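Data file: final_9.txt. Format and content: compact mmCIF, C-alpha atoms.
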# COMPACT_ATOMS: atom_id res chain seq x y z
CA MET A 1 3.78 -112.66 -30.20
CA ALA A 2 5.56 -113.29 -33.48
CA ASP A 3 5.73 -110.41 -35.96
CA GLU A 4 3.21 -110.49 -38.76
CA VAL A 5 4.90 -109.31 -41.95
CA ILE A 6 2.99 -109.03 -45.23
CA LEU A 7 4.40 -107.75 -48.50
CA LEU A 8 2.04 -106.39 -51.15
CA ASP A 9 4.09 -106.97 -54.25
CA TYR A 10 4.12 -107.59 -58.01
CA TRP A 11 6.55 -110.24 -59.15
CA PRO A 12 8.42 -108.31 -61.93
CA SER A 13 8.88 -105.19 -59.80
CA ALA A 14 12.54 -104.25 -59.26
CA PHE A 15 11.28 -102.17 -56.33
CA GLY A 16 9.45 -105.09 -54.72
CA MET A 17 12.62 -107.17 -55.13
CA ARG A 18 14.48 -104.72 -52.88
CA THR A 19 12.14 -105.36 -50.00
CA ARG A 20 12.10 -109.12 -50.58
CA ILE A 21 15.92 -109.18 -50.47
CA ALA A 22 16.09 -107.04 -47.32
CA LEU A 23 13.63 -109.35 -45.53
CA GLU A 24 15.61 -112.42 -46.65
CA GLU A 25 18.88 -110.84 -45.45
CA LYS A 26 17.30 -110.52 -42.00
CA ASN A 27 15.71 -114.00 -42.14
CA ILE A 28 12.25 -112.54 -41.62
CA LYS A 29 9.37 -114.80 -42.62
CA PHE A 30 6.79 -112.89 -44.61
CA GLU A 31 3.61 -113.47 -46.53
CA HIS A 32 3.92 -112.40 -50.17
CA ARG A 33 0.59 -111.13 -51.51
CA GLU A 34 0.77 -110.71 -55.26
CA GLN A 35 -1.18 -107.67 -56.47
CA ASP A 36 -2.97 -107.03 -59.76
CA LEU A 37 -1.90 -103.46 -60.58
CA PHE A 38 -4.56 -103.22 -63.26
CA ASN A 39 -7.29 -103.95 -60.75
CA LYS A 40 -6.06 -102.66 -57.41
CA SER A 41 -7.13 -104.48 -54.28
CA GLN A 42 -8.89 -102.89 -51.33
CA ILE A 43 -5.91 -103.65 -49.11
CA LEU A 44 -3.47 -101.86 -51.46
CA LEU A 45 -5.71 -98.77 -51.65
CA GLU A 46 -6.08 -98.77 -47.86
CA MET A 47 -2.45 -99.36 -47.05
CA ASN A 48 -0.97 -96.91 -49.60
CA PRO A 49 -3.76 -94.38 -50.18
CA VAL A 50 -1.34 -91.66 -51.32
CA HIS A 51 0.56 -93.43 -54.12
CA LYS A 52 -1.54 -96.63 -54.50
CA LYS A 53 1.66 -98.44 -55.49
CA ILE A 54 3.48 -101.60 -54.52
CA PRO A 55 5.57 -102.62 -52.66
CA VAL A 56 3.83 -102.07 -49.35
CA LEU A 57 5.35 -103.67 -46.28
CA ILE A 58 2.74 -104.30 -43.59
CA HIS A 59 4.31 -104.95 -40.22
CA ASN A 60 1.85 -105.94 -37.49
CA GLY A 61 -0.93 -104.20 -39.40
CA LYS A 62 0.97 -100.95 -40.03
CA PRO A 63 2.08 -100.01 -43.57
CA VAL A 64 5.48 -98.76 -44.67
CA CYS A 65 5.58 -97.45 -48.25
CA GLU A 66 8.39 -96.77 -50.74
CA SER A 67 10.94 -99.54 -51.24
CA LEU A 68 14.12 -97.79 -50.05
CA ILE A 69 12.32 -96.54 -46.95
CA GLN A 70 11.24 -100.14 -46.37
CA VAL A 71 14.82 -101.39 -46.67
CA GLU A 72 15.95 -98.86 -44.08
CA TYR A 73 12.97 -99.67 -41.84
CA ILE A 74 13.82 -103.37 -42.02
CA ASP A 75 17.44 -102.63 -41.13
CA GLU A 76 16.42 -100.54 -38.12
CA THR A 77 13.61 -102.82 -36.92
CA TRP A 78 15.64 -106.03 -37.09
CA PRO A 79 19.19 -104.91 -36.28
CA GLY A 80 20.33 -108.54 -35.95
CA GLY A 81 21.37 -110.35 -39.12
CA ASN A 82 23.36 -108.59 -41.80
CA SER A 83 23.53 -104.80 -41.56
CA LEU A 84 22.22 -103.25 -44.73
CA LEU A 85 23.34 -99.65 -44.11
CA PRO A 86 26.71 -98.63 -42.67
CA SER A 87 26.65 -97.23 -39.13
CA ASP A 88 28.91 -94.25 -39.90
CA PRO A 89 26.78 -91.16 -40.75
CA TYR A 90 28.98 -90.15 -43.70
CA GLN A 91 28.95 -93.63 -45.22
CA ARG A 92 25.17 -93.81 -44.64
CA ALA A 93 24.72 -90.50 -46.46
CA GLN A 94 26.80 -91.80 -49.40
CA ALA A 95 24.74 -95.01 -49.58
CA LYS A 96 21.53 -92.97 -49.54
CA PHE A 97 22.90 -90.69 -52.25
CA TRP A 98 23.43 -93.68 -54.57
CA GLY A 99 20.07 -95.24 -53.66
CA ASP A 100 18.43 -91.94 -54.56
CA PHE A 101 20.49 -91.74 -57.78
CA ILE A 102 19.21 -95.20 -58.79
CA ASP A 103 15.63 -94.16 -58.03
CA LYS A 104 15.94 -90.96 -60.05
CA LYS A 105 18.07 -92.17 -62.95
CA VAL A 106 17.89 -95.93 -63.51
CA SER A 107 14.21 -96.67 -63.49
CA GLY A 108 13.15 -93.64 -65.56
CA PRO A 109 14.71 -94.50 -68.93
CA THR A 110 14.14 -98.28 -68.76
CA TRP A 111 10.54 -98.53 -70.02
CA VAL A 112 11.66 -97.06 -73.31
CA LEU A 113 14.12 -99.95 -73.72
CA TRP A 114 11.39 -102.59 -73.76
CA GLY A 115 8.44 -100.43 -74.75
CA GLY A 116 9.81 -97.63 -76.94
CA LYS A 117 10.76 -97.38 -80.60
CA GLY A 118 13.07 -95.55 -83.01
CA GLU A 119 14.81 -92.38 -81.91
CA GLU A 120 13.18 -92.37 -78.49
CA GLN A 121 14.54 -95.86 -77.86
CA GLU A 122 18.01 -94.90 -79.14
CA ALA A 123 18.09 -91.91 -76.79
CA GLY A 124 16.94 -94.16 -73.93
CA LYS A 125 19.75 -96.65 -74.61
CA LYS A 126 22.33 -93.90 -74.57
CA GLU A 127 20.97 -92.47 -71.34
CA PHE A 128 20.77 -95.90 -69.70
CA ILE A 129 24.37 -96.75 -70.59
CA GLU A 130 25.57 -93.38 -69.28
CA VAL A 131 23.78 -93.99 -65.98
CA LEU A 132 25.27 -97.49 -65.68
CA LYS A 133 28.72 -96.10 -66.45
CA THR A 134 28.33 -93.57 -63.63
CA LEU A 135 27.45 -96.48 -61.34
CA GLU A 136 30.41 -98.48 -62.68
CA THR A 137 32.73 -95.60 -61.79
CA GLU A 138 31.29 -95.52 -58.28
CA LEU A 139 31.66 -99.31 -57.96
CA GLY A 140 35.31 -99.15 -59.09
CA ASP A 141 37.19 -102.26 -58.03
CA LYS A 142 35.05 -102.95 -54.98
CA ALA A 143 33.13 -106.22 -54.67
CA TYR A 144 29.93 -104.37 -53.72
CA PHE A 145 28.94 -100.71 -53.73
CA GLY A 146 29.61 -100.44 -50.01
CA GLY A 147 32.97 -102.24 -50.21
CA GLU A 148 33.41 -105.85 -49.12
CA THR A 149 29.85 -106.23 -47.84
CA PHE A 150 26.59 -106.57 -49.73
CA GLY A 151 24.17 -103.82 -48.68
CA TYR A 152 21.74 -101.00 -49.36
CA VAL A 153 23.01 -99.75 -52.74
CA ASP A 154 23.37 -103.30 -54.08
CA ILE A 155 19.80 -103.97 -52.96
CA ALA A 156 18.61 -100.76 -54.63
CA LEU A 157 20.08 -101.76 -58.02
CA ILE A 158 20.12 -105.54 -58.35
CA GLY A 159 16.41 -105.98 -59.15
CA PHE A 160 16.88 -104.19 -62.45
CA TYR A 161 19.38 -106.84 -63.49
CA CYS A 162 16.71 -109.45 -64.17
CA TRP A 163 15.21 -107.00 -66.67
CA PHE A 164 18.51 -106.64 -68.58
CA ASP A 165 17.70 -109.58 -70.87
CA ALA A 166 14.42 -107.87 -71.86
CA TYR A 167 16.16 -104.51 -72.35
CA GLU A 168 18.78 -106.13 -74.60
CA LYS A 169 16.33 -108.15 -76.66
CA PHE A 170 13.76 -105.40 -77.22
CA ALA A 171 16.30 -102.59 -77.73
CA ASN A 172 18.87 -104.73 -79.53
CA PHE A 173 22.09 -103.90 -77.66
CA SER A 174 24.54 -105.52 -75.28
CA ILE A 175 24.83 -104.14 -71.77
CA GLU A 176 27.81 -106.39 -70.95
CA ALA A 177 29.77 -105.00 -73.91
CA GLU A 178 29.35 -101.49 -72.49
CA CYS A 179 29.43 -102.14 -68.74
CA PRO A 180 31.22 -105.41 -67.96
CA LYS A 181 31.89 -104.47 -64.32
CA VAL A 182 28.21 -103.98 -63.60
CA ILE A 183 27.49 -107.44 -65.02
CA ALA A 184 30.29 -109.01 -62.96
CA TRP A 185 28.89 -107.27 -59.85
CA ALA A 186 25.36 -108.53 -60.62
CA LYS A 187 26.58 -112.12 -61.00
CA ARG A 188 28.38 -111.78 -57.66
CA CYS A 189 25.16 -110.55 -56.00
CA LEU A 190 23.18 -113.45 -57.48
CA LYS A 191 25.36 -115.90 -55.57
CA ARG A 192 23.73 -114.66 -52.38
CA GLU A 193 20.74 -116.73 -51.34
CA SER A 194 18.68 -113.60 -50.51
CA VAL A 195 19.09 -112.32 -54.07
CA ALA A 196 18.73 -115.65 -55.86
CA LYS A 197 15.50 -116.30 -53.96
CA SER A 198 14.04 -112.86 -54.64
CA LEU A 199 14.74 -112.29 -58.33
CA PRO A 200 12.58 -113.97 -60.98
CA ASP A 201 14.15 -115.70 -63.99
CA PRO A 202 15.08 -113.05 -66.61
CA ASP A 203 13.53 -115.25 -69.27
CA LYS A 204 10.18 -115.10 -67.48
CA ILE A 205 10.32 -111.28 -67.59
CA THR A 206 11.27 -111.17 -71.27
CA LYS A 207 8.34 -113.48 -72.06
CA TYR A 208 6.03 -111.30 -69.96
CA VAL A 209 6.90 -108.03 -71.75
CA PRO A 210 4.50 -108.49 -74.72
CA GLU A 211 1.63 -109.14 -72.29
CA LEU A 212 2.62 -106.11 -70.21
CA LYS A 213 2.68 -103.89 -73.32
CA LYS A 214 -0.77 -105.12 -74.24
CA ARG A 215 -2.12 -104.43 -70.75
CA LEU A 216 -0.58 -100.94 -70.83
CA GLY A 217 -2.10 -100.27 -74.26
CA MET A 218 1.39 -99.84 -75.77
CA GLU A 219 0.85 -102.18 -78.72
CA MET B 1 39.85 -79.11 -34.11
CA ALA B 2 36.57 -77.35 -34.80
CA ASP B 3 34.41 -78.68 -37.61
CA GLU B 4 34.63 -76.83 -40.90
CA VAL B 5 31.15 -76.65 -42.42
CA ILE B 6 30.54 -75.00 -45.79
CA LEU B 7 27.20 -74.82 -47.59
CA LEU B 8 27.14 -74.31 -51.35
CA ASP B 9 23.76 -72.71 -51.76
CA TYR B 10 21.53 -70.40 -53.81
CA TRP B 11 19.43 -68.00 -51.77
CA PRO B 12 15.95 -68.68 -53.28
CA SER B 13 16.34 -72.48 -53.14
CA ALA B 14 13.71 -74.20 -50.98
CA PHE B 15 16.11 -77.16 -50.90
CA GLY B 16 19.02 -75.07 -49.64
CA MET B 17 16.73 -73.65 -46.95
CA ARG B 18 16.23 -77.17 -45.55
CA THR B 19 19.92 -77.56 -44.87
CA ARG B 20 20.27 -74.03 -43.48
CA ILE B 21 17.42 -74.71 -41.02
CA ALA B 22 18.85 -78.09 -39.96
CA LEU B 23 22.26 -76.50 -39.26
CA GLU B 24 20.59 -73.68 -37.29
CA GLU B 25 18.54 -76.20 -35.26
CA LYS B 26 21.84 -77.80 -34.23
CA ASN B 27 23.59 -74.45 -33.64
CA ILE B 28 26.30 -75.34 -36.15
CA LYS B 29 28.29 -72.41 -37.48
CA PHE B 30 28.71 -72.65 -41.23
CA GLU B 31 30.05 -70.66 -44.13
CA HIS B 32 27.37 -69.92 -46.72
CA ARG B 33 28.86 -69.79 -50.22
CA GLU B 34 26.34 -68.39 -52.68
CA GLN B 35 26.54 -70.10 -56.09
CA ASP B 36 25.80 -68.76 -59.56
CA LEU B 37 23.83 -71.63 -61.10
CA PHE B 38 24.17 -70.09 -64.55
CA ASN B 39 27.94 -70.17 -64.30
CA LYS B 40 28.81 -73.10 -62.07
CA SER B 41 31.89 -72.83 -59.89
CA GLN B 42 34.77 -75.29 -59.86
CA ILE B 43 33.99 -76.22 -56.27
CA LEU B 44 30.36 -77.09 -57.09
CA LEU B 45 31.41 -79.26 -60.04
CA GLU B 46 34.03 -80.99 -57.91
CA MET B 47 31.85 -81.52 -54.87
CA ASN B 48 28.71 -82.68 -56.72
CA PRO B 49 30.02 -84.10 -60.01
CA VAL B 50 26.97 -86.32 -60.52
CA HIS B 51 24.11 -83.82 -60.27
CA LYS B 52 26.05 -80.51 -60.28
CA LYS B 53 23.32 -79.04 -58.08
CA ILE B 54 23.09 -77.11 -54.85
CA PRO B 55 22.82 -77.49 -51.92
CA VAL B 56 26.10 -79.22 -51.16
CA LEU B 57 27.11 -79.57 -47.54
CA ILE B 58 30.88 -79.82 -47.16
CA HIS B 59 31.89 -81.13 -43.75
CA ASN B 60 35.63 -81.12 -43.10
CA GLY B 61 36.27 -81.24 -46.84
CA LYS B 62 33.84 -84.07 -47.60
CA PRO B 63 30.65 -83.42 -49.58
CA VAL B 64 27.13 -84.59 -48.76
CA CYS B 65 24.61 -84.04 -51.57
CA GLU B 66 20.79 -83.95 -51.72
CA SER B 67 19.03 -81.78 -49.16
CA LEU B 68 17.02 -84.43 -47.28
CA ILE B 69 20.09 -86.64 -47.03
CA GLN B 70 21.92 -83.62 -45.62
CA VAL B 71 19.21 -83.04 -43.01
CA GLU B 72 19.49 -86.65 -41.88
CA TYR B 73 23.30 -86.49 -41.93
CA ILE B 74 23.21 -83.35 -39.76
CA ASP B 75 20.84 -85.06 -37.32
CA GLU B 76 23.11 -88.11 -37.04
CA THR B 77 26.40 -86.20 -36.95
CA TRP B 78 25.33 -83.72 -34.27
CA PRO B 79 22.90 -85.70 -32.10
CA GLY B 80 22.91 -82.92 -29.48
CA GLY B 81 20.47 -80.04 -30.00
CA ASN B 82 16.96 -80.65 -31.27
CA SER B 83 16.30 -84.07 -32.80
CA LEU B 84 15.08 -83.68 -36.34
CA LEU B 85 13.96 -87.27 -36.95
CA PRO B 86 12.07 -89.45 -34.46
CA SER B 87 14.05 -92.31 -32.92
CA ASP B 88 11.31 -94.93 -33.42
CA PRO B 89 11.85 -96.81 -36.73
CA TYR B 90 8.18 -96.69 -37.71
CA GLN B 91 7.89 -92.97 -37.03
CA ARG B 92 11.16 -92.40 -38.91
CA ALA B 93 9.79 -94.31 -41.91
CA GLN B 94 6.63 -92.18 -41.86
CA ALA B 95 8.67 -88.95 -41.72
CA LYS B 96 10.78 -90.15 -44.65
CA PHE B 97 7.65 -91.07 -46.59
CA TRP B 98 6.37 -87.51 -46.31
CA GLY B 99 9.76 -85.98 -47.07
CA ASP B 100 9.88 -88.11 -50.21
CA PHE B 101 6.28 -87.13 -51.05
CA ILE B 102 7.25 -83.43 -50.84
CA ASP B 103 10.28 -84.05 -53.06
CA LYS B 104 8.22 -85.89 -55.65
CA LYS B 105 5.01 -83.86 -55.59
CA VAL B 106 5.48 -80.34 -54.27
CA SER B 107 8.44 -79.03 -56.17
CA GLY B 108 7.43 -80.47 -59.57
CA PRO B 109 4.32 -78.40 -60.33
CA THR B 110 5.55 -75.13 -58.79
CA TRP B 111 7.58 -73.67 -61.66
CA VAL B 112 4.43 -73.58 -63.73
CA LEU B 113 2.80 -71.33 -61.12
CA TRP B 114 5.33 -68.53 -61.55
CA GLY B 115 6.62 -69.39 -65.02
CA GLY B 116 3.73 -71.00 -66.90
CA LYS B 117 0.68 -69.66 -68.72
CA GLY B 118 -2.90 -70.52 -69.66
CA GLU B 119 -4.11 -74.11 -69.42
CA GLU B 120 -0.77 -75.43 -68.27
CA GLN B 121 -0.80 -72.98 -65.37
CA GLU B 122 -4.42 -73.81 -64.50
CA ALA B 123 -3.56 -77.53 -64.38
CA GLY B 124 -0.52 -76.72 -62.23
CA LYS B 125 -2.66 -74.76 -59.75
CA LYS B 126 -5.12 -77.62 -59.44
CA GLU B 127 -2.31 -80.13 -58.92
CA PHE B 128 -0.54 -77.91 -56.39
CA ILE B 129 -3.70 -77.41 -54.32
CA GLU B 130 -4.40 -81.17 -54.37
CA VAL B 131 -0.90 -81.88 -53.10
CA LEU B 132 -1.22 -79.27 -50.33
CA LYS B 133 -4.60 -80.72 -49.34
CA THR B 134 -3.02 -84.16 -49.02
CA LEU B 135 -0.41 -82.60 -46.74
CA GLU B 136 -3.13 -80.76 -44.82
CA THR B 137 -4.89 -84.08 -44.18
CA GLU B 138 -1.64 -85.56 -42.91
CA LEU B 139 -1.04 -82.51 -40.69
CA GLY B 140 -4.55 -82.76 -39.22
CA ASP B 141 -4.80 -80.91 -35.92
CA LYS B 142 -1.14 -81.38 -35.01
CA ALA B 143 1.10 -78.36 -34.45
CA TYR B 144 3.81 -79.82 -36.70
CA PHE B 145 3.92 -82.81 -39.04
CA GLY B 146 5.65 -84.92 -36.41
CA GLY B 147 3.27 -83.88 -33.62
CA GLU B 148 4.23 -81.36 -30.96
CA THR B 149 7.83 -81.00 -32.16
CA PHE B 150 9.22 -79.22 -35.22
CA GLY B 151 11.25 -81.67 -37.34
CA TYR B 152 12.17 -83.35 -40.61
CA VAL B 153 8.88 -83.05 -42.54
CA ASP B 154 8.42 -79.42 -41.49
CA ILE B 155 11.97 -78.73 -42.67
CA ALA B 156 11.27 -80.49 -45.98
CA LEU B 157 8.24 -78.29 -46.73
CA ILE B 158 8.68 -74.89 -45.11
CA GLY B 159 11.11 -73.44 -47.70
CA PHE B 160 8.39 -73.52 -50.34
CA TYR B 161 6.30 -71.18 -48.18
CA CYS B 162 8.41 -68.14 -49.02
CA TRP B 163 7.56 -68.79 -52.68
CA PHE B 164 3.79 -68.80 -52.01
CA ASP B 165 3.54 -65.03 -52.55
CA ALA B 166 5.12 -65.42 -56.01
CA TYR B 167 2.89 -68.41 -56.84
CA GLU B 168 -0.22 -66.42 -55.87
CA LYS B 169 0.75 -63.26 -57.72
CA PHE B 170 1.89 -64.91 -60.95
CA ALA B 171 -0.86 -67.54 -61.02
CA ASN B 172 -3.57 -65.31 -59.56
CA PHE B 173 -5.03 -67.49 -56.80
CA SER B 174 -5.15 -67.67 -53.02
CA ILE B 175 -3.47 -70.58 -51.29
CA GLU B 176 -4.82 -69.56 -47.89
CA ALA B 177 -8.42 -69.70 -49.16
CA GLU B 178 -7.83 -73.33 -50.20
CA CYS B 179 -5.46 -74.55 -47.50
CA PRO B 180 -5.78 -72.42 -44.35
CA LYS B 181 -4.22 -75.07 -42.11
CA VAL B 182 -1.03 -75.18 -44.15
CA ILE B 183 -0.73 -71.40 -43.86
CA ALA B 184 -1.32 -71.50 -40.08
CA TRP B 185 1.34 -74.23 -39.82
CA ALA B 186 3.81 -72.15 -41.88
CA LYS B 187 3.28 -69.10 -39.67
CA ARG B 188 3.90 -71.30 -36.63
CA CYS B 189 7.17 -72.57 -38.15
CA LEU B 190 8.28 -69.01 -38.93
CA LYS B 191 8.23 -68.21 -35.23
CA ARG B 192 11.24 -70.49 -34.83
CA GLU B 193 14.54 -68.67 -35.04
CA SER B 194 16.07 -71.38 -37.26
CA VAL B 195 13.33 -70.88 -39.85
CA ALA B 196 13.10 -67.09 -39.63
CA LYS B 197 16.88 -66.84 -40.12
CA SER B 198 16.94 -69.25 -43.08
CA LEU B 199 14.02 -68.11 -45.25
CA PRO B 200 14.35 -65.01 -47.44
CA ASP B 201 11.61 -62.38 -47.53
CA PRO B 202 8.79 -63.59 -49.86
CA ASP B 203 8.74 -60.14 -51.44
CA LYS B 204 12.40 -60.53 -52.45
CA ILE B 205 11.51 -63.79 -54.24
CA THR B 206 8.50 -62.29 -56.02
CA LYS B 207 10.68 -59.41 -57.23
CA TYR B 208 13.36 -61.86 -58.39
CA VAL B 209 11.00 -63.98 -60.53
CA PRO B 210 11.08 -61.74 -63.66
CA GLU B 211 14.90 -61.80 -63.58
CA LEU B 212 14.87 -65.59 -63.10
CA LYS B 213 12.52 -66.04 -66.06
CA LYS B 214 14.81 -63.91 -68.19
CA ARG B 215 17.87 -65.92 -67.16
CA LEU B 216 16.02 -69.15 -67.93
CA GLY B 217 14.95 -67.84 -71.32
CA MET B 218 11.28 -68.10 -70.35
CA GLU B 219 10.30 -64.60 -71.43
Show the structure stored in the file as structure tokens.
Amino acid sequence: MADEVILLDYWPSAFGMRTRIALEEKNIKFEHREQDLFNKSQILLEMNPVHKKIPVLIHNGKPVCESLIQVEYIDETWPGGNSLLPSDPYQRAQAKFWGDFIDKKVSGPTWVLWGGKGEEQEAGKKEFIEVLKTLETELGDKAYFGGETFGYVDIALIGFYCWFDAYEKFANFSIEAECPKVIAWAKRCLKRESVAKSLPDPDKITKYVPELKKRLGME
Amino acid sequence: MADEVILLDYWPSAFGMRTRIALEEKNIKFEHREQDLFNKSQILLEMNPVHKKIPVLIHNGKPVCESLIQVEYIDETWPGGNSLLPSDPYQRAQAKFWGDFIDKKVSGPTWVLWGGKGEEQEAGKKEFIEVLKTLETELGDKAYFGGETFGYVDIALIGFYCWFDAYEKFANFSIEAECPKVIAWAKRCLKRESVAKSLPDPDKITKYVPELKKRLGME
């Protein structure tokens, strides 16, 4: 029997993009079920009763929650195709360290870039650039975070790239001027079919931000 | 050549306890180097330059940071001894989900139990009990979170247990009255040598709290 793979997702989610990319890297066919986060569906509440968040990966009826856990699950469940995590325990631990760093540090200060104002937004810009510079140092002169091969840490970060246009326009700054290596890395990632297929057009996100702010009661 | 394993740690840290327990479960000899977090050592700053936090596991000179990543690294590096994570990818993903839940939800509201006051402390108590009840539901009638065998999720949570006495005394409530199954589970875990050896006496923590508050400028 063929695997049934369903992804409960929300198109602008940088977390959902991780899981989409991982599935594409493994050539796994999946059904994308777009969710309305302002009116949560019965299936989302049933499949992720603890956090009630997307993305949820449903594999043969069983849910896996949290995007980086999903990426690892996909890598372990479908070991054929491209390996997403290194096999060496030390290299795996380093990849997980940077995935965790991105979870803790990148996503936090970003809402303030498109949704904040004044001093709070200025502080957010400074924090965001510092975090990207830390990642740039880790990237160094490598093609991808893991070296020559696209993998877990790249997947953890790349989804945020299609929000950069919105960050820059709403917070009035240039990310490329501050972190050119991160931009060069992102462009390299976008040449992969898995990434190009999974990331929405940055312009679509920028145009969506005013609607999102309205729905969140931020305007 | 024998492995050189050093743990940069801080005795009351529920995160450090995770790594101590995992090393004990694998019968790995290690050097415990107590750190002064109010006057960080050169080795801590060098080995964890990003977060500058304990615990840091240094294996043959190379650092691994973040306690749950360390537990997994230990399990993969020394596959002999007790397995800490299940081998089945779905079960592994579930264990990681709960480890992540404990990281995100348990440790956050606890400082307010021993260090907060008034309404803030009341809200913290309510939140803490809710989180423990969610864990109690997940535990169900199993001996350990993974079933019959002590493992990753138990290791993620058990260190907080030796703080329960301080939470109860400073916030004036009974955790056992609200969550008897969690307490029974904790007592079961404490019968394991790895846990008994790695957790400090709760009374020592309760007595340390006033000093900690002073050092943190909370009094």
Would you write out, as CSV, a table of all residues in chain A that have an atom no more than 9 Å from an atom of chain B, listing for each the closest atom pair and the distance in Å to one decimal, considering only C-alpha atoms and ordering rows by chain and rising residue number?
residue,atom,partner,partner_atom,distance
A:Val50,CA,B:Thr134,CA,8.0
A:Lys62,CA,B:Tyr90,CA,8.7
A:Val64,CA,B:Ala93,CA,6.8
A:Cys65,CA,B:Phe97,CA,6.9
A:Glu66,CA,B:Phe97,CA,7.1
A:Ile69,CA,B:Ala93,CA,6.1
A:Gln70,CA,B:Ala93,CA,7.5
A:Glu72,CA,B:Ala93,CA,8.0
A:Tyr73,CA,B:Pro89,CA,6.0
A:Ile74,CA,B:Pro89,CA,8.7
A:Glu76,CA,B:Pro89,CA,6.1
A:Thr77,CA,B:Pro89,CA,6.3
A:Asp88,CA,B:Glu76,CA,8.9
A:Pro89,CA,B:Tyr73,CA,5.9
A:Tyr90,CA,B:Tyr73,CA,7.0
A:Arg92,CA,B:Tyr73,CA,8.0
A:Ala93,CA,B:Ile69,CA,6.1
A:Gln94,CA,B:Val64,CA,7.2
A:Lys96,CA,B:Ile69,CA,7.0
A:Phe97,CA,B:Cys65,CA,6.9
A:Asp100,CA,B:Glu66,CA,8.8
A:Phe101,CA,B:Val50,CA,8.9
A:Thr134,CA,B:Val50,CA,8.0
What would the file look like if the residues just selected were written as a short mmCIF file (atom, residue, chain, number, x, y, z; two decimals), in the coordinates of the input with C-alpha atoms?
data_model
loop_
_atom_site.label_atom_id
_atom_site.label_comp_id
_atom_site.auth_asym_id
_atom_site.auth_seq_id
_atom_site.Cartn_x
_atom_site.Cartn_y
_atom_site.Cartn_z
CA VAL A 50 -1.34 -91.66 -51.32
CA LYS A 62 0.97 -100.95 -40.03
CA VAL A 64 5.48 -98.76 -44.67
CA CYS A 65 5.58 -97.45 -48.25
CA GLU A 66 8.39 -96.77 -50.74
CA ILE A 69 12.32 -96.54 -46.95
CA GLN A 70 11.24 -100.14 -46.37
CA GLU A 72 15.95 -98.86 -44.08
CA TYR A 73 12.97 -99.67 -41.84
CA ILE A 74 13.82 -103.37 -42.02
CA GLU A 76 16.42 -100.54 -38.12
CA THR A 77 13.61 -102.82 -36.92
CA ASP A 88 28.91 -94.25 -39.90
CA PRO A 89 26.78 -91.16 -40.75
CA TYR A 90 28.98 -90.15 -43.70
CA ARG A 92 25.17 -93.81 -44.64
CA ALA A 93 24.72 -90.50 -46.46
CA GLN A 94 26.80 -91.80 -49.40
CA LYS A 96 21.53 -92.97 -49.54
CA PHE A 97 22.90 -90.69 -52.25
CA ASP A 100 18.43 -91.94 -54.56
CA PHE A 101 20.49 -91.74 -57.78
CA THR A 134 28.33 -93.57 -63.63
#
Shortest interatomic distance to Glu138 (chain A) - which of A:Ile43, A:Ile175, A:Val153, A:Val209, counting all atoms listed in the file |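 The closest residue to Glu138 (chain A) is A:Val153.
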Separation of CA of Ser107 (chain A) and CA of Arg33 (chain A), in Å?
->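 Result for CA of Ser107 (chain A) versus CA of Arg33 (chain A): 23.2 Å, one decimal.
Take the candidates B:Ala123, B:Leu8, B:Ala171, B:Ile155 and check each one against Leu84 (chain B) using only C-alpha atoms; the shortest distance goes to B:Ile155.
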Which is closest to Trp111 (chain B) among B:Gly217, B:Tyr167, B:Pro79, B:Phe145, if we use all atoms listed in the file?
->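 Nearest candidate to Trp111 (chain B) out of B:Gly217, B:Tyr167, B:Pro79, B:Phe145: B:Tyr167.
Note that CA of Lys187 (chain A) and CA of Val5 (chain A) are 29.0 Å apart.
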Name the residues, using the chain letters and numbers of the file, that sit within 9 Å of (7.2, -73.5, -46.7) when counting all atoms listed in the file, and give them as a count of residues only.
-> 17
Contact residues around Gln35 (chain B) with only C-alpha atoms at 10 Å, ignoring same-chain residues under 2 positions, as a ChimeraX atom specification | /B:7-11,32-33,37-41,43-44,53-55
Å distance separating CA of Glu176 (chain B) from CA of Glu136 (chain B), one decimal place | 11.7 Å
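Each of B:Pro200, B:Gly140, B:Asn172, B:Ala177 was compared to Gly118 (chain B) using only C-alpha atoms, and B:Asn172 turns out to be the nearest.
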